[in-house]
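Trainee: Submitted below is the structure of interest, expressed as C-alpha cells.
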Amino acid sequence: MIPPSYFIVLSLILFVLGIVVFFVKRDLITMFMAVEVMLNAANLTFIALAKASANLSGQVIVFFVITVAAAEAAVGLAIIMLVFRQRNSVLVEEMRSMKG
Amino acid sequence: MGVVIFFLLSLLSVGSVLAMIFIKNQAYNALLLVLAFVSLGGLFGLLDAPFVAAVQILIYAGAIMVLFLFVIMMINLKHGLAAEKKKHAFIIGIVLAAFLLLELFLAWKRAFSSIERPTKEALGGPAGLGRLLFTDYLYAFEITSILIIAALVGSIVLGKKKGRE
C-alpha cells in the first residue's frame, strides 16, 4: 500500500517542473505543453486525495479538468496558429506589441 | 510490488518532463510529454481510478497531444530556434521555481500529516463515477458540454483563413 503523501510529493515535483519549463522555454508551443504538465500534476493530487478520503468526487473533478483542458488546448492551439500566421514566429520575444 | 511500479512510473514521468527542459526540438518535446501522460495514467490506475486512467490516456496522450503534433507540423520551423540570448531569465526561473518547491513542500509537511492512513475499500469503477456524474454533478456536466461546443466553434472561427469567402 503506497501512502498518499508519496503521490502528493510527486505531483508537487511535477508542478514545479512544469513551471520551470514554462519559464525556461521561449516558444509558445512548449510553454503551452508546460501548462498541460501543471494541470496533470493538479489532477494527480485530486486523485490521491480522493483515494485517501475514500470519496469519488475527486475523480469527477479530474474528469472535468480533463475535458476543460481539451477545450483549452483546441482554442489555445488555434490562437497559436493565428499568431504564427501573422508574425511568422512562435517565439515570445517577437510578441511585444498588443496590436496585431 | 505497488511501490516498485510507483517509483518506476514516477521516475518515467519526472524524467521525461526534465528532458523537455534540455531538448530543443518541439516534436520530441511533444513525444516526451506523451510518455509523461501515459505514466501518469498508470499512476491513476494505481490509485484505484481505472476510468480516469483510461480517459487520461485516450484524451491526453491521444487526442490533445495529436493536436499538438499537428500544430507543430503545420508551423514547421525549418531553421530551428535561435540560441539562448538571455541567460539570466533561465537562472531567475530556476531560482523562483526552487523557492516555490520549498514553499509547497513546507505546506505539504504541515497540512498532510494527518492523512497517512490509506483506506482499504476499492472505489472508482466506471459505474459509481457515472452515477455521481449524472446525479450530483449533472449541472456541471451539462455546462461542460456547452463549453466544449463553444471551444469547437471558437477554434474553427479562429483557425479560418480570412479573405477567401
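The chains in the C-alpha cells are called A, B, ... from first to last as shown; in each chain the residues are counted from 1, and the ligands are counted from 1 in the order shown.
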Can you work out which residues from chain B touch chain A at a cut-off of 6 Å (counting only C-alpha atoms) and hand them back as JSON, numbers by chain?
Mentor: {"B": [21, 90, 93, 97, 118, 148, 151, 155, 158, 159]}
Trainee: Convert the current residue selection to file output with N, CA and C atoms, as a compact mmCIF listing (two decimals), in the first residue's frame.
Mentor:
```
# COMPACT_ATOMS: atom_id res chain seq x y z
N ILE B 21 13.19 20.15 -20.68
CA ILE B 21 13.91 21.40 -20.46
C ILE B 21 15.12 21.47 -21.38
N PHE B 90 16.73 32.33 -17.50
CA PHE B 90 16.87 30.91 -17.13
C PHE B 90 17.16 30.77 -15.64
N GLY B 93 14.33 31.92 -13.41
CA GLY B 93 13.25 30.93 -13.44
C GLY B 93 13.55 29.76 -12.53
N ALA B 97 11.51 28.81 -9.12
CA ALA B 97 10.87 27.50 -9.04
C ALA B 97 11.37 26.75 -7.81
N PRO B 118 -4.11 5.05 4.52
CA PRO B 118 -4.79 4.69 3.29
C PRO B 118 -6.00 3.81 3.54
N ILE B 148 -17.64 22.89 -24.36
CA ILE B 148 -16.94 22.21 -25.45
C ILE B 148 -17.46 22.68 -26.80
N ALA B 151 -15.89 25.99 -27.42
CA ALA B 151 -14.49 25.87 -27.80
C ALA B 151 -14.36 25.40 -29.24
N SER B 155 -12.58 27.68 -31.95
CA SER B 155 -11.33 27.31 -32.63
C SER B 155 -11.52 27.26 -34.14
N LEU B 158 -11.39 30.92 -35.18
CA LEU B 158 -10.03 31.45 -35.10
C LEU B 158 -9.13 30.88 -36.19
N GLY B 159 -9.32 29.59 -36.50
CA GLY B 159 -8.42 28.96 -37.43
C GLY B 159 -8.74 29.22 -38.89
```
Trainee: As a PDB file with C-alpha atoms, in the first residue's frame, please: every residue in region 48-108 of chain B that a backbone DSSP assignment puts in alpha helix (DSSP H).
Mentor:
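Output file selection.pdb follows:
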```
ATOM      1  CA  PRO B  50      -9.253   2.884 -13.790  1.00  0.00           C
ATOM      2  CA  PHE B  51     -11.804   5.010 -15.615  1.00  0.00           C
ATOM      3  CA  VAL B  52      -9.855   8.224 -15.132  1.00  0.00           C
ATOM      4  CA  ALA B  53      -6.692   6.376 -16.198  1.00  0.00           C
ATOM      5  CA  ALA B  54      -8.370   5.323 -19.436  1.00  0.00           C
ATOM      6  CA  VAL B  55      -9.668   8.852 -20.025  1.00  0.00           C
ATOM      7  CA  MET B  65      -1.033  15.501 -27.984  1.00  0.00           C
ATOM      8  CA  VAL B  66      -2.013  14.591 -31.542  1.00  0.00           C
ATOM      9  CA  LEU B  67      -3.439  18.099 -31.821  1.00  0.00           C
ATOM     10  CA  PHE B  68      -0.112  19.485 -30.561  1.00  0.00           C
ATOM     11  CA  LEU B  69       1.818  17.395 -33.077  1.00  0.00           C
ATOM     12  CA  PHE B  70      -0.407  18.570 -35.915  1.00  0.00           C
ATOM     13  CA  VAL B  71       0.176  22.200 -34.996  1.00  0.00           C
ATOM     14  CA  ILE B  72       3.942  21.603 -34.710  1.00  0.00           C
ATOM     15  CA  MET B  73       3.945  20.055 -38.174  1.00  0.00           C
ATOM     16  CA  MET B  74       1.890  22.923 -39.609  1.00  0.00           C
ATOM     17  CA  ILE B  75       4.161  25.549 -38.114  1.00  0.00           C
ATOM     18  CA  LYS B  87      20.766  33.547 -19.629  1.00  0.00           C
ATOM     19  CA  HIS B  88      19.516  35.448 -16.583  1.00  0.00           C
ATOM     20  CA  ALA B  89      15.891  34.576 -17.353  1.00  0.00           C
ATOM     21  CA  PHE B  90      16.871  30.915 -17.131  1.00  0.00           C
ATOM     22  CA  ILE B  91      18.592  31.399 -13.766  1.00  0.00           C
ATOM     23  CA  ILE B  92      15.778  33.510 -12.303  1.00  0.00           C
ATOM     24  CA  GLY B  93      13.252  30.930 -13.436  1.00  0.00           C
ATOM     25  CA  ILE B  94      15.175  28.107 -11.768  1.00  0.00           C
ATOM     26  CA  VAL B  95      15.616  30.056  -8.515  1.00  0.00           C
ATOM     27  CA  LEU B  96      11.961  31.063  -8.316  1.00  0.00           C
ATOM     28  CA  ALA B  97      10.874  27.503  -9.039  1.00  0.00           C
ATOM     29  CA  ALA B  98      13.172  26.230  -6.280  1.00  0.00           C
ATOM     30  CA  PHE B  99      11.554  28.670  -3.846  1.00  0.00           C
ATOM     31  CA  LEU B 100       8.104  27.511  -4.884  1.00  0.00           C
ATOM     32  CA  LEU B 101       9.144  23.899  -4.426  1.00  0.00           C
ATOM     33  CA  LEU B 102      10.373  24.696  -0.920  1.00  0.00           C
ATOM     34  CA  GLU B 103       7.153  26.526  -0.079  1.00  0.00           C
ATOM     35  CA  LEU B 104       4.910  23.777  -1.393  1.00  0.00           C
ATOM     36  CA  PHE B 105       6.982  21.178   0.413  1.00  0.00           C
ATOM     37  CA  LEU B 106       6.588  23.048   3.711  1.00  0.00           C
ATOM     38  CA  ALA B 107       2.845  23.392   3.113  1.00  0.00           C
ATOM     39  CA  TRP B 108       2.616  19.679   2.445  1.00  0.00           C
TER      40      TRP B 108
END
```
Trainee: Please provide the set of residues having any atom within 10 Å of Ser39 (chain B), restricted to only C-alpha atoms, with same-chain residues fewer than 6 positions apart removed, written as a list in words.
Mentor: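 Answer for this query is Phe6, Leu8, Leu9, Ser10, Leu11, Leu12, Ser13, Val14, Ser16, Leu33, Gly45, Ala53, Gln56, Ile57 and Ala61 of chain B.
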Trainee: B:Ala140, B:Ala36, B:Leu133, B:Ile5: which is nearest Leu18 (chain B), counting only C-alpha atoms?
Mentor: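 Among the listed residues, the smallest separation from Leu18 (chain B) belongs to B:Ala36.
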Trainee: CA of Gly42 (chain B) and CA of Phe7 (chain B), how far apart in Å?
Mentor: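 So the two atoms, CA of Phe7 (chain B) and CA of Gly42 (chain B), lie 11.3 Å apart.
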